[in-house]
Amino acid sequence: MQALQFSDTAITTPLLQSIVALGYTEMTPIQAKTIPLILEGKDIIAKAKTGSGKTVAFGIGLLSNLDASVYETQALVLCPTRELADQVSKAIRSLAAFIPNIKLLTLCGGVPIRHQLASLEQHAPHIVVGTPGRIKDHLIRKSLDLETVRVLVLDEADRMLDMGFEDEISFVVAEMVEEKQTLLFSATYPESILAMSEHIQHEPIEISIDEAHEEGQIEQLFFKAEEQDKPQAVVALLSKYQPDSTVIFCNTKYNCQIVGDWLTQQGYSVLVLNGDLEQRERDQVLLRFANKSCSILVATDVAARGLDIKDLSAVITYDLSHDPEVHIHRIGRTGRAGQKGLAFSLCAGNELERAKAIAAYQNADLKWDKFNATRIPKNTTLKPAMVTLVIDGGRKSKIRATDILGALTGEAGLSGSEVGKIDIFDVRTYVAIKRASANIALTRLQQGTIKGRKLRVKSL
Ligand code: ADP
Ligand code: MG
């Protein structure tokens, strides 16, 4: 298939001129997928890794809609840091090189607001690029008017949320009219992004470009197993390959529960991600899996939506999906970041048609293998590397990761390398500790204090 050229789309002449001047010949995959939709005025939520050319995609979008003869702020780009805002400003300026009289202003914290105020007093910039905190300051001072904004871009939205800009973003969005286009770009797709999108976008189209899977990065094997043999097959595969972290996909909640109960009974550390869980329980399951204190997660596709776990060693498909694209999406969660991933699929006699559809979709024959359920070695149930401790105190009691780390490495005498991920919520904090040191950490935290206070601590 011929790659989409910039000139194949509705991009205007001055923008095509700057694209030529920049030396771009073909669109990157994320550009080819998003630019046509952006030019149609659609809201999009786009996920693609760093360096995939997202800036050009939204830059073209906001410049296409701009009327340089009207001195109003027509586009706003929110970025997580000053450094990124500067990069984005520079890229948009180059794209706008052949459009006369465009005024772009970069508004970030960390520099005196005086100069920015002076610059805003002359006449409103067509485009503002900035960080949420400083933009909010300007809105409070009424030095900036965003009611005329027609295109809003949230760049690196996941990082903005990680940095705690959620409230600032809400404040800024509330100052704009609803009838505008909102483009959300992110390198990852955590739940929080979907929640924010729901809040501020209108029928967004989701586009994601998964990191290209280099040849051989995922080892995909299919196993014939009838329904009643599938539980044994899972155990046989887990004990043979010993993956550190595995997601098992089932088509139904019912099967998830069956698999979860069975593996628990076999001594595995396993959690079921169920659509019926309350948000707090769901967060807890996800973070225990992500911080490596649970090694197996069983989920339906719906429950796993937005799941973004790095370093997944294996994906087991317990029920084959009816949709080959869903299958590819399932197995694509392993074999990331240059690591080798394992994808095992169980196929009952009545699922053979689905297997054929997958082979046709990926345009490659399936590799079939056999599992040995009769010779499962003893004591192969994998113990997760970490244990999660829960502390009854969080953001509301001003607890920070450094306080926890301080308490553990100071009084408790652990080394930093024994402490894993620290997740802080409003009234609760979860800390992953290497299994061997978990008991010491627990006792010491229970006896000692955090930020001078005694807090309840227990092990999950
Ligand atoms: P992202 O925001 O997705 O991390 P950028 O927008 O910063 O990525 O782009 C990364 C690099 O790719 C930049 O140096 C940019 O100039 C370059 N680039 C963007 N689009 C193209 C293209 N179509 N062809 C060649 N290079 C491109
Ligand atoms: Mg970028």
# chains A, B, ... in the order shown; residues from 1 in each chain; ligands from 1
call {"tool": "closest_atom_pairs", "arguments": {"of": "chain A", "to": "ligand 1", "cutoff": "6 Å", "atoms": "only C-alpha atoms and all ligand atoms", "output": "tab-separated table"}}
result
residue	atom	partner	partner_atom_place_in_ligand_line	distance
A:Tyr24	CA	ligand 1	24 (N)	4.1
A:Thr25	CA	ligand 1	24 (N)	5.9
A:Glu26	CA	ligand 1	23 (N)	5.1
A:Met27	CA	ligand 1	23 (N)	4.0
A:Thr28	CA	ligand 1	23 (N)	4.9
A:Thr50	CA	ligand 1	4 (O)	3.4
A:Gly51	CA	ligand 1	4 (O)	3.4
A:Ser52	CA	ligand 1	3 (O)	3.8
A:Gly53	CA	ligand 1	6 (O)	3.5
A:Lys54	CA	ligand 1	3 (O)	3.8
A:Thr55	CA	ligand 1	6 (O)	3.6
A:Val56	CA	ligand 1	6 (O)	5.5
call {"tool": "write_last_selection", "arguments": {"atoms": "all heavy atoms", "output": "short mmCIF file (atom, residue, chain, number, x, y, z; two decimals), in the first residue's frame"}}
result
data_model
loop_
_atom_site.label_atom_id
_atom_site.label_comp_id
_atom_site.auth_asym_id
_atom_site.auth_seq_id
_atom_site.Cartn_x
_atom_site.Cartn_y
_atom_site.Cartn_z
N TYR A 24 9.95 17.07 5.05
CA TYR A 24 9.15 15.87 5.28
C TYR A 24 8.56 15.40 3.97
O TYR A 24 7.97 16.19 3.24
CB TYR A 24 7.99 16.13 6.25
CG TYR A 24 8.37 16.69 7.59
CD1 TYR A 24 7.44 17.39 8.36
CD2 TYR A 24 9.66 16.53 8.10
CE1 TYR A 24 7.78 17.91 9.60
CE2 TYR A 24 10.00 17.05 9.33
CZ TYR A 24 9.06 17.74 10.07
OH TYR A 24 9.39 18.25 11.29
N THR A 25 8.69 14.13 3.66
CA THR A 25 8.14 13.62 2.41
C THR A 25 6.88 12.80 2.65
O THR A 25 5.87 12.99 2.00
CB THR A 25 9.18 12.77 1.66
OG1 THR A 25 9.72 11.83 2.57
CG2 THR A 25 10.29 13.65 1.11
N GLU A 26 6.96 11.89 3.62
CA GLU A 26 5.79 11.06 3.91
C GLU A 26 5.27 11.32 5.31
O GLU A 26 6.02 11.70 6.20
CB GLU A 26 6.17 9.58 3.83
CG GLU A 26 6.21 9.10 2.42
CD GLU A 26 6.49 7.62 2.35
OE1 GLU A 26 6.76 7.01 3.41
OE2 GLU A 26 6.45 7.08 1.24
N MET A 27 3.99 11.07 5.49
CA MET A 27 3.42 11.20 6.83
C MET A 27 3.88 10.04 7.70
O MET A 27 4.04 8.92 7.21
CB MET A 27 1.90 11.14 6.75
CG MET A 27 1.29 12.37 6.16
SD MET A 27 -0.47 12.31 6.55
CE MET A 27 -1.00 13.73 5.64
N THR A 28 4.04 10.30 8.97
CA THR A 28 4.28 9.20 9.90
C THR A 28 2.92 8.52 10.13
O THR A 28 1.88 9.11 9.82
CB THR A 28 4.81 9.74 11.25
OG1 THR A 28 3.80 10.54 11.85
CG2 THR A 28 6.08 10.58 11.06
N THR A 50 6.64 8.45 21.89
CA THR A 50 7.45 9.65 21.71
C THR A 50 8.21 9.58 20.39
O THR A 50 8.68 8.51 20.00
CB THR A 50 8.45 9.76 22.88
OG1 THR A 50 7.69 9.66 24.08
CG2 THR A 50 9.17 11.08 22.86
N GLY A 51 8.29 10.70 19.71
CA GLY A 51 9.04 10.75 18.47
C GLY A 51 8.26 10.30 17.26
O GLY A 51 8.81 10.14 16.17
N SER A 52 6.95 10.13 17.41
CA SER A 52 6.17 9.63 16.28
C SER A 52 5.59 10.75 15.42
O SER A 52 4.93 10.47 14.42
CB SER A 52 5.06 8.70 16.80
OG SER A 52 4.31 9.33 17.79
N GLY A 53 5.83 11.99 15.78
CA GLY A 53 5.41 13.10 14.94
C GLY A 53 4.06 13.70 15.29
O GLY A 53 3.35 14.24 14.43
N LYS A 54 3.72 13.66 16.57
CA LYS A 54 2.41 14.17 17.01
C LYS A 54 2.29 15.68 16.85
O LYS A 54 1.24 16.20 16.50
CB LYS A 54 2.15 13.76 18.47
CG LYS A 54 2.07 12.25 18.66
CD LYS A 54 1.58 11.86 20.03
CE LYS A 54 2.66 11.92 21.10
NZ LYS A 54 3.65 10.84 21.02
N THR A 55 3.39 16.40 17.10
CA THR A 55 3.33 17.87 17.05
C THR A 55 2.87 18.36 15.68
O THR A 55 2.06 19.27 15.58
CB THR A 55 4.71 18.47 17.37
OG1 THR A 55 5.31 17.69 18.39
CG2 THR A 55 4.59 19.90 17.79
N VAL A 56 3.41 17.76 14.63
CA VAL A 56 3.02 18.18 13.28
C VAL A 56 1.53 17.90 13.05
O VAL A 56 0.83 18.71 12.46
CB VAL A 56 3.88 17.45 12.21
CG1 VAL A 56 3.34 17.69 10.81
CG2 VAL A 56 5.32 17.92 12.31
#
call {"tool": "residues_near_ligand", "arguments": {"ligand": "ligand 2", "cutoff": "12 Å", "atoms": "only C-alpha atoms and all ligand atoms", "output": "PyMOL selection string"}}
result
chain A and resi 30+46-59+77-81+83-92+153-159+184-187
call {"tool": "closest_residue", "arguments": {"among": "A:Pro231, A:Gly394, A:Gly413, A:Gly341", "to": "Lys451 (chain A)", "atoms": "only C-alpha atoms"}}
result
A:Gly394
call {"tool": "residues_around", "arguments": {"residues": "Ser64 (chain A)", "least_positions_apart": "3", "cutoff": "12 Å", "atoms": "only C-alpha atoms", "output": "PyMOL selection string"}}
result
chain A and resi 9-16+35-36+38-41+56-61+67-68+74-75+92+95-96+99+150-151
call {"tool": "closest_residue", "arguments": {"among": "A:Ser269, A:Thr388, A:Gln220, A:Ser293", "to": "Trp368 (chain A)", "atoms": "only C-alpha atoms"}}
result
A:Gln220
call {"tool": "atom_distance", "arguments": {"atom1": "CA of Lys180 (chain A)", "atom2": "CA of Val70 (chain A)"}}
result
17.0 Å
call {"tool": "select_by_dssp", "arguments": {"residues": "region 132-373 of chain A", "states": "strand (DSSP E)", "output": "ChimeraX atom specification"}}
result
/A:151-154,181-186,205-208,218-224,246-249,270-273,296-299,314-317,341-347,368-369
call {"tool": "residues_around", "arguments": {"residues": "Ala438 (chain A)", "least_positions_apart": "3", "cutoff": "12 Å", "atoms": "only C-alpha atoms", "output": "ChimeraX atom specification"}}
result
/A:293,385-390,408,412,414,418-420,431-435,441-445,457-460
call {"tool": "residues_around", "arguments": {"residues": "region 101-111 of chain A", "least_positions_apart": "3", "cutoff": "6 Å", "atoms": "only C-alpha atoms", "output": "number ranges by chain"}}
result
A: 68, 82, 125-131, 134
call {"tool": "residues_around", "arguments": {"residues": "Gln362 (chain A)", "least_positions_apart": "2", "cutoff": "12 Å", "atoms": "only C-alpha atoms", "output": "list in words"}}
result
Gln220, Pro324, Glu325, Val326, His327, Ile328, His329, Ala355, Lys356, Ala357, Ile358, Ala359, Ala360, Ala364, Asp365 and Leu366 of chain A
call {"tool": "write_last_selection", "arguments": {"atoms": "N, CA and C atoms", "output": "PDB file, in the first residue's frame"}}
result
ATOM      1  N   GLN A 220       4.416 -16.372  19.478  1.00  0.00           N
ATOM      2  CA  GLN A 220       3.009 -16.705  19.562  1.00  0.00           C
ATOM      3  C   GLN A 220       2.786 -18.194  19.301  1.00  0.00           C
ATOM      4  N   PRO A 324     -10.412 -10.993  15.285  1.00  0.00           N
ATOM      5  CA  PRO A 324      -8.955 -11.104  15.174  1.00  0.00           C
ATOM      6  C   PRO A 324      -8.224  -9.839  15.636  1.00  0.00           C
ATOM      7  N   GLU A 325      -8.836  -8.692  15.420  1.00  0.00           N
ATOM      8  CA  GLU A 325      -8.189  -7.444  15.823  1.00  0.00           C
ATOM      9  C   GLU A 325      -8.061  -7.374  17.351  1.00  0.00           C
ATOM     10  N   VAL A 326      -9.087  -7.859  18.040  1.00  0.00           N
ATOM     11  CA  VAL A 326      -9.035  -7.908  19.505  1.00  0.00           C
ATOM     12  C   VAL A 326      -7.910  -8.845  19.944  1.00  0.00           C
ATOM     13  N   HIS A 327      -7.775  -9.947  19.224  1.00  0.00           N
ATOM     14  CA  HIS A 327      -6.705 -10.905  19.543  1.00  0.00           C
ATOM     15  C   HIS A 327      -5.331 -10.239  19.437  1.00  0.00           C
ATOM     16  N   ILE A 328      -5.114  -9.529  18.341  1.00  0.00           N
ATOM     17  CA  ILE A 328      -3.822  -8.863  18.127  1.00  0.00           C
ATOM     18  C   ILE A 328      -3.588  -7.821  19.218  1.00  0.00           C
ATOM     19  N   HIS A 329      -4.657  -7.137  19.593  1.00  0.00           N
ATOM     20  CA  HIS A 329      -4.542  -6.142  20.646  1.00  0.00           C
ATOM     21  C   HIS A 329      -4.164  -6.808  21.978  1.00  0.00           C
ATOM     22  N   ALA A 355      -9.501 -19.293  15.179  1.00  0.00           N
ATOM     23  CA  ALA A 355      -8.060 -19.400  14.956  1.00  0.00           C
ATOM     24  C   ALA A 355      -7.730 -19.152  13.491  1.00  0.00           C
ATOM     25  N   LYS A 356      -8.565 -19.685  12.612  1.00  0.00           N
ATOM     26  CA  LYS A 356      -8.337 -19.481  11.172  1.00  0.00           C
ATOM     27  C   LYS A 356      -8.466 -18.007  10.813  1.00  0.00           C
ATOM     28  N   ALA A 357      -9.443 -17.348  11.427  1.00  0.00           N
ATOM     29  CA  ALA A 357      -9.641 -15.926  11.158  1.00  0.00           C
ATOM     30  C   ALA A 357      -8.417 -15.124  11.599  1.00  0.00           C
ATOM     31  N   ILE A 358      -7.823 -15.541  12.717  1.00  0.00           N
ATOM     32  CA  ILE A 358      -6.625 -14.845  13.205  1.00  0.00           C
ATOM     33  C   ILE A 358      -5.475 -15.045  12.218  1.00  0.00           C
ATOM     34  N   ALA A 359      -5.311 -16.290  11.751  1.00  0.00           N
ATOM     35  CA  ALA A 359      -4.244 -16.577  10.787  1.00  0.00           C
ATOM     36  C   ALA A 359      -4.428 -15.724   9.534  1.00  0.00           C
ATOM     37  N   ALA A 360      -5.693 -15.625   9.072  1.00  0.00           N
ATOM     38  CA  ALA A 360      -5.959 -14.844   7.871  1.00  0.00           C
ATOM     39  C   ALA A 360      -5.667 -13.370   8.114  1.00  0.00           C
ATOM     40  N   ALA A 364      -0.382 -14.964   8.305  1.00  0.00           N
ATOM     41  CA  ALA A 364       0.706 -15.890   8.611  1.00  0.00           C
ATOM     42  C   ALA A 364       0.113 -17.124   9.266  1.00  0.00           C
ATOM     43  N   ASP A 365       0.698 -18.275   8.994  1.00  0.00           N
ATOM     44  CA  ASP A 365       0.224 -19.507   9.613  1.00  0.00           C
ATOM     45  C   ASP A 365       0.426 -19.457  11.122  1.00  0.00           C
ATOM     46  N   LEU A 366      -0.427 -20.161  11.828  1.00  0.00           N
ATOM     47  CA  LEU A 366      -0.289 -20.222  13.276  1.00  0.00           C
ATOM     48  C   LEU A 366       0.694 -21.324  13.640  1.00  0.00           C
TER      49      LEU A 366
END
call {"tool": "select_by_dssp", "arguments": {"residues": "region 169-287 of chain A", "states": "helix (DSSP H, G or I)", "output": "ChimeraX atom specification"}}
result
/A:169-174,191-200,227-241,253-265,279-287
call {"tool": "write_last_selection", "arguments": {"atoms": "N, CA and C atoms", "output": "compact mmCIF listing (two decimals), in the first residue's frame"}}
result
# COMPACT_ATOMS: atom_id res chain seq x y z
N ILE A 169 -6.18 21.94 34.55
CA ILE A 169 -6.74 21.67 33.23
C ILE A 169 -8.25 21.90 33.25
N SER A 170 -8.91 21.38 34.29
CA SER A 170 -10.36 21.57 34.40
C SER A 170 -10.71 23.05 34.45
N PHE A 171 -9.94 23.79 35.21
CA PHE A 171 -10.18 25.23 35.35
C PHE A 171 -10.07 25.91 33.98
N VAL A 172 -9.00 25.59 33.26
CA VAL A 172 -8.76 26.22 31.96
C VAL A 172 -9.86 25.84 30.96
N VAL A 173 -10.22 24.55 30.96
CA VAL A 173 -11.24 24.10 30.01
C VAL A 173 -12.58 24.79 30.28
N ALA A 174 -12.86 25.04 31.57
CA ALA A 174 -14.13 25.68 31.94
C ALA A 174 -14.22 27.12 31.42
N GLU A 191 -6.39 4.78 32.68
CA GLU A 191 -7.79 5.11 32.98
C GLU A 191 -8.04 6.60 33.07
N SER A 192 -7.12 7.28 33.79
CA SER A 192 -7.33 8.70 34.08
C SER A 192 -7.47 9.52 32.79
N ILE A 193 -6.79 9.08 31.73
CA ILE A 193 -6.88 9.80 30.46
C ILE A 193 -8.28 9.63 29.89
N LEU A 194 -8.79 8.40 29.95
CA LEU A 194 -10.13 8.15 29.42
C LEU A 194 -11.16 8.96 30.20
N ALA A 195 -10.95 9.04 31.52
CA ALA A 195 -11.89 9.80 32.35
C ALA A 195 -11.85 11.28 31.95
N MET A 196 -10.67 11.81 31.75
CA MET A 196 -10.55 13.22 31.38
C MET A 196 -11.18 13.45 30.01
N SER A 197 -10.91 12.53 29.09
CA SER A 197 -11.46 12.67 27.75
C SER A 197 -12.98 12.72 27.81
N GLU A 198 -13.57 11.84 28.61
CA GLU A 198 -15.02 11.81 28.73
C GLU A 198 -15.56 13.15 29.21
N HIS A 199 -14.78 13.76 30.07
CA HIS A 199 -15.18 15.01 30.69
C HIS A 199 -15.11 16.19 29.70
N ILE A 200 -14.11 16.20 28.84
CA ILE A 200 -13.90 17.41 28.04
C ILE A 200 -14.07 17.22 26.54
N GLU A 227 -12.51 -27.29 26.50
CA GLU A 227 -12.94 -26.47 27.64
C GLU A 227 -12.50 -27.04 28.98
N GLN A 228 -12.77 -28.35 29.19
CA GLN A 228 -12.47 -28.94 30.50
C GLN A 228 -10.97 -29.11 30.75
N ASP A 229 -10.16 -29.05 29.68
CA ASP A 229 -8.71 -29.20 29.86
C ASP A 229 -7.97 -27.87 29.98
N LYS A 230 -8.70 -26.79 29.73
CA LYS A 230 -8.03 -25.49 29.71
C LYS A 230 -7.37 -25.10 31.05
N PRO A 231 -8.04 -25.35 32.21
CA PRO A 231 -7.38 -24.98 33.47
C PRO A 231 -6.02 -25.68 33.62
N GLN A 232 -5.98 -26.98 33.29
CA GLN A 232 -4.70 -27.71 33.36
C GLN A 232 -3.68 -27.14 32.38
N ALA A 233 -4.16 -26.75 31.23
CA ALA A 233 -3.25 -26.21 30.21
C ALA A 233 -2.59 -24.94 30.72
N VAL A 234 -3.37 -24.09 31.41
CA VAL A 234 -2.81 -22.83 31.94
C VAL A 234 -1.70 -23.14 32.93
N VAL A 235 -1.96 -24.09 33.83
CA VAL A 235 -0.94 -24.45 34.82
C VAL A 235 0.30 -25.03 34.14
N ALA A 236 0.07 -25.87 33.13
CA ALA A 236 1.21 -26.47 32.42
C ALA A 236 2.07 -25.37 31.78
N LEU A 237 1.43 -24.39 31.19
CA LEU A 237 2.18 -23.32 30.53
C LEU A 237 2.91 -22.44 31.54
N LEU A 238 2.20 -22.10 32.64
CA LEU A 238 2.83 -21.26 33.66
C LEU A 238 4.04 -21.96 34.27
N SER A 239 3.92 -23.27 34.50
CA SER A 239 5.04 -23.95 35.16
C SER A 239 6.18 -24.20 34.19
N LYS A 240 5.87 -24.33 32.92
CA LYS A 240 6.96 -24.55 31.96
C LYS A 240 7.72 -23.24 31.68
N TYR A 241 6.99 -22.16 31.46
CA TYR A 241 7.65 -20.93 31.03
C TYR A 241 7.99 -19.97 32.16
N LYS A 253 -16.94 -12.92 32.17
CA LYS A 253 -16.65 -12.71 33.59
C LYS A 253 -16.65 -14.05 34.30
N TYR A 254 -17.58 -14.91 33.88
CA TYR A 254 -17.72 -16.22 34.50
C TYR A 254 -16.42 -17.01 34.38
N ASN A 255 -15.86 -17.06 33.16
CA ASN A 255 -14.61 -17.79 32.98
C ASN A 255 -13.46 -17.15 33.75
N CYS A 256 -13.46 -15.83 33.85
CA CYS A 256 -12.42 -15.15 34.62
C CYS A 256 -12.44 -15.67 36.06
N GLN A 257 -13.64 -15.78 36.62
CA GLN A 257 -13.76 -16.24 37.99
C GLN A 257 -13.30 -17.69 38.13
N ILE A 258 -13.68 -18.54 37.16
CA ILE A 258 -13.26 -19.94 37.16
C ILE A 258 -11.73 -20.04 37.17
N VAL A 259 -11.10 -19.31 36.26
CA VAL A 259 -9.65 -19.36 36.13
C VAL A 259 -8.98 -18.81 37.40
N GLY A 260 -9.52 -17.68 37.88
CA GLY A 260 -8.97 -17.05 39.08
C GLY A 260 -9.02 -18.00 40.27
N ASP A 261 -10.19 -18.61 40.48
CA ASP A 261 -10.37 -19.52 41.62
C ASP A 261 -9.45 -20.73 41.50
N TRP A 262 -9.38 -21.26 40.29
CA TRP A 262 -8.56 -22.45 40.05
C TRP A 262 -7.09 -22.16 40.33
N LEU A 263 -6.58 -21.07 39.83
CA LEU A 263 -5.16 -20.77 40.02
C LEU A 263 -4.85 -20.44 41.49
N THR A 264 -5.79 -19.78 42.16
CA THR A 264 -5.61 -19.50 43.58
C THR A 264 -5.49 -20.82 44.34
N GLN A 265 -6.38 -21.73 44.00
CA GLN A 265 -6.40 -23.04 44.62
C GLN A 265 -5.08 -23.79 44.37
N GLN A 279 -14.27 1.38 41.92
CA GLN A 279 -13.05 2.03 41.45
C GLN A 279 -11.85 1.77 42.37
N ARG A 280 -12.11 1.84 43.68
CA ARG A 280 -11.00 1.69 44.62
C ARG A 280 -10.41 0.28 44.55
N GLU A 281 -11.30 -0.71 44.41
CA GLU A 281 -10.83 -2.09 44.32
C GLU A 281 -10.06 -2.31 43.01
N ARG A 282 -10.60 -1.71 41.96
CA ARG A 282 -9.96 -1.83 40.66
C ARG A 282 -8.55 -1.22 40.70
N ASP A 283 -8.45 -0.02 41.27
CA ASP A 283 -7.14 0.62 41.40
C ASP A 283 -6.18 -0.29 42.15
N GLN A 284 -6.72 -0.91 43.23
CA GLN A 284 -5.87 -1.75 44.06
C GLN A 284 -5.36 -2.97 43.28
N VAL A 285 -6.24 -3.61 42.52
CA VAL A 285 -5.84 -4.76 41.72
C VAL A 285 -4.76 -4.35 40.71
N LEU A 286 -5.03 -3.25 40.01
CA LEU A 286 -4.08 -2.82 38.99
C LEU A 286 -2.73 -2.45 39.56
N LEU A 287 -2.76 -1.77 40.70
CA LEU A 287 -1.46 -1.36 41.21
C LEU A 287 -0.69 -2.53 41.79
call {"tool": "closest_residue", "arguments": {"among": "A:Asn65, A:Ile45, A:Gln122, A:Gln266", "to": "Thr182 (chain A)", "atoms": "only C-alpha atoms"}}
result
A:Ile45
call {"tool": "atom_distance", "arguments": {"atom1": "CA of Gln447 (chain A)", "atom2": "CA of Asp392 (chain A)"}}
result
14.2 Å
call {"tool": "closest_residue", "arguments": {"among": "A:Gln5, A:Gly448, A:Glu175, A:Asn363", "to": "Val149 (chain A)", "atoms": "only C-alpha atoms"}}
result
A:Glu175
call {"tool": "atom_distance", "arguments": {"atom1": "CA of Ala124 (chain A)", "atom2": "CA of Glu72 (chain A)"}}
result
5.4 Å
call {"tool": "residues_around", "arguments": {"residues": "Gly349 (chain A)", "least_positions_apart": "4", "cutoff": "10 Å", "atoms": "only C-alpha atoms", "output": "PyMOL selection string"}}
result
chain A and resi 224-227+353
call {"tool": "write_last_selection", "arguments": {"atoms": "N, CA and C atoms", "output": "PDB file, in the first residue's frame"}}
result
ATOM      1  N   LYS A 224      -4.141 -26.742  21.262  1.00  0.00           N
ATOM      2  CA  LYS A 224      -5.481 -27.314  21.244  1.00  0.00           C
ATOM      3  C   LYS A 224      -5.830 -27.755  22.665  1.00  0.00           C
ATOM      4  N   ALA A 225      -6.936 -27.278  23.175  1.00  0.00           N
ATOM      5  CA  ALA A 225      -7.373 -27.676  24.514  1.00  0.00           C
ATOM      6  C   ALA A 225      -8.884 -27.534  24.592  1.00  0.00           C
ATOM      7  N   GLU A 226      -9.556 -28.611  24.940  1.00  0.00           N
ATOM      8  CA  GLU A 226     -11.005 -28.527  25.111  1.00  0.00           C
ATOM      9  C   GLU A 226     -11.298 -27.788  26.414  1.00  0.00           C
ATOM     10  N   GLU A 227     -12.513 -27.286  26.501  1.00  0.00           N
ATOM     11  CA  GLU A 227     -12.936 -26.470  27.637  1.00  0.00           C
ATOM     12  C   GLU A 227     -12.498 -27.045  28.984  1.00  0.00           C
ATOM     13  N   GLU A 353     -12.502 -22.028  14.001  1.00  0.00           N
ATOM     14  CA  GLU A 353     -12.815 -21.000  13.009  1.00  0.00           C
ATOM     15  C   GLU A 353     -12.182 -19.661  13.387  1.00  0.00           C
TER      16      GLU A 353
END
